Structures are given as C-alpha cells and as structure tokens.
Amino acid sequence: MRGEWRRFAAFLKRPTLPERAPLPQAAGLRAVVWLVLLDLLVMAALLGVAGAVMAAGVSLPETALAGMEIGTGIILAVVVIAPLTEEIAFRGWLSGHPGHIFGLLAGALAAMVAGLAAMAFFGAALATAGLVALAAGTLVALAIVYRLRHRNTIGWFRRLFPALFWLSTLGFSLVHLTNFPADQLATALPLVLPQFVTGTILGYTRVHYGLWASVLLHMLHNGAIIALVLAASSAA
C-alpha cells in the first residue's frame, strides 16, 4: 500500500508516461484497492474541512444530489454511466496512443452531431438522424482504436504529457461546477477540489494500469458518495 502511494506521490511531482504497457490486471486490481482507500481518506479529510467551515457559519451551495430522490436510475447514472463516459472523455486519450486520441475525436464529433440534432428538436426524423450519427461515429471510433492499436505513443504527446495531465485533471474538476446553481459558481469553485484530487488519482491509475482500472476506481468512488448520501438521508 505504502509503495503504491509513494509511486503516486512521485508521479504527481513529475507526471510522465510509463515506458512500458499498463501492468497486468492482477496488479491493477491490487492498485485500485490501495488507491480507492487513499481516495476515501482524502475525501474524508475534505469533508471534515467542509464541516468545519459550515460550523463556522459559512453557507455552502448545495449539489444537484441535495434533495433529490435517489432511485435506481440516479444510482445507475452516477455509479456506472458517469464514470464510464467521464473516463473515456477525460482520460481515455491520456495513453498518448494514436488510436485512443483519434478514436476519441471521432466519437466526440459523432456525439456533437447527435447533440445538435437532439437540441434542434425539429421532429423524429432529425432525432433519428442524430442517433444514427452517434452509432456510426462510435463504430468508426472503435475501428480506429482497433486499427491503430499497435502504434507507439506519439512523441510530442509524451513531451507534453505533464501539461496535458494537469489540463485533463483541471477540466474534469471544472465540469463538476454544473452540479451547482449557475448563480453560485464563484462560491462553488473551492467545492470541486475533491474532483481535482480524485482526478489526479484517476489519471495516475489510467496511465499505469489501463482505462478499465480508472473506470473501476471511479465507480467505487461514486458508489461511496451515493452510499454516504443514502445513509445521511435515512438518518435525517
């Protein structure tokens, strides 16, 4: 455990892509256990700070989950769908492999076309066209990933990796500002610090153990949050 935490701390001091491929699945599973424990300890410390701030009389914005009835659909979205989509979007390309980068771009373009079609809302035909575009783009993205799977990491990506890692982590944390009311974003900015910290752990996990490991860790993180929310609501 301490060895994994030391490797993570060293990675944060100087984020670099490992020269070797992601470690075997068994090693990844052990790492996820130690890293989710680290994540939960950090989250507990940050919750303690937030509790002290609220006890001092400072009012903090409520998240989107506050007051929401936690049903099966919400649990599925938070514990399964959000980790999967967020890991692909923010860390799927962090490997620097051409297939992952260009595959994500193809998928993002398809999602953009589908989203524009859905927002236009000019009839079932356009909505269907958006779904077709999304499905086609997904297939193209998977084909690109498969076709380029043996290519080496792009040289310029490896050189720029530290900046790309921190930008990915920052983007991941800032997107969670959407969980707060639009008129309270300035106040909510410090409240996405937990997502920033978790993003560093997820980024480390992704490049050293693979995307599946970061998705699993993300699911466990979100599952713990949902469990805490449910426990708090039942105790209230």
# chains A, B, ... in the order shown; residues from 1 in each chain; ligands from 1
$ residues_around --residues "Glu86 in chain A" --least-positions-apart "2" --cutoff "12 Å" --atoms "only C-alpha atoms" --output "ChimeraX atom specification"
/A:77-84,88-93,104,168-169,171-173,175-176,195,199,202-203,211,214-216,218-219,222
$ closest_residue --among "A:Ala108, A:Ala213, A:Val53, A:Leu160" --to "Ala27 in chain A" --atoms "only C-alpha atoms"
A:Ala213
$ closest_atom_pairs --of "range 45-101 of chain A" --to "range 143-154 of chain A" --cutoff "12 Å" --atoms "only C-alpha atoms" --output "CSV"
residue,atom,partner,partner_atom,distance
A:Gly92,CA,A:Val145,CA,11.0
A:Trp93,CA,A:Thr153,CA,10.6
A:Leu94,CA,A:Thr153,CA,10.0
A:Ser95,CA,A:Thr153,CA,7.2
A:Gly96,CA,A:Thr153,CA,5.0
A:His97,CA,A:Thr153,CA,4.5
A:Pro98,CA,A:Leu148,CA,6.4
A:Gly99,CA,A:Val145,CA,4.1
A:His100,CA,A:Val145,CA,5.7
A:Ile101,CA,A:Val145,CA,8.5
$ closest_residue --among "A:Leu191, A:Tyr204, A:Thr178, A:Val42" --to "Ala10 in chain A" --atoms "only C-alpha atoms"
A:Tyr204
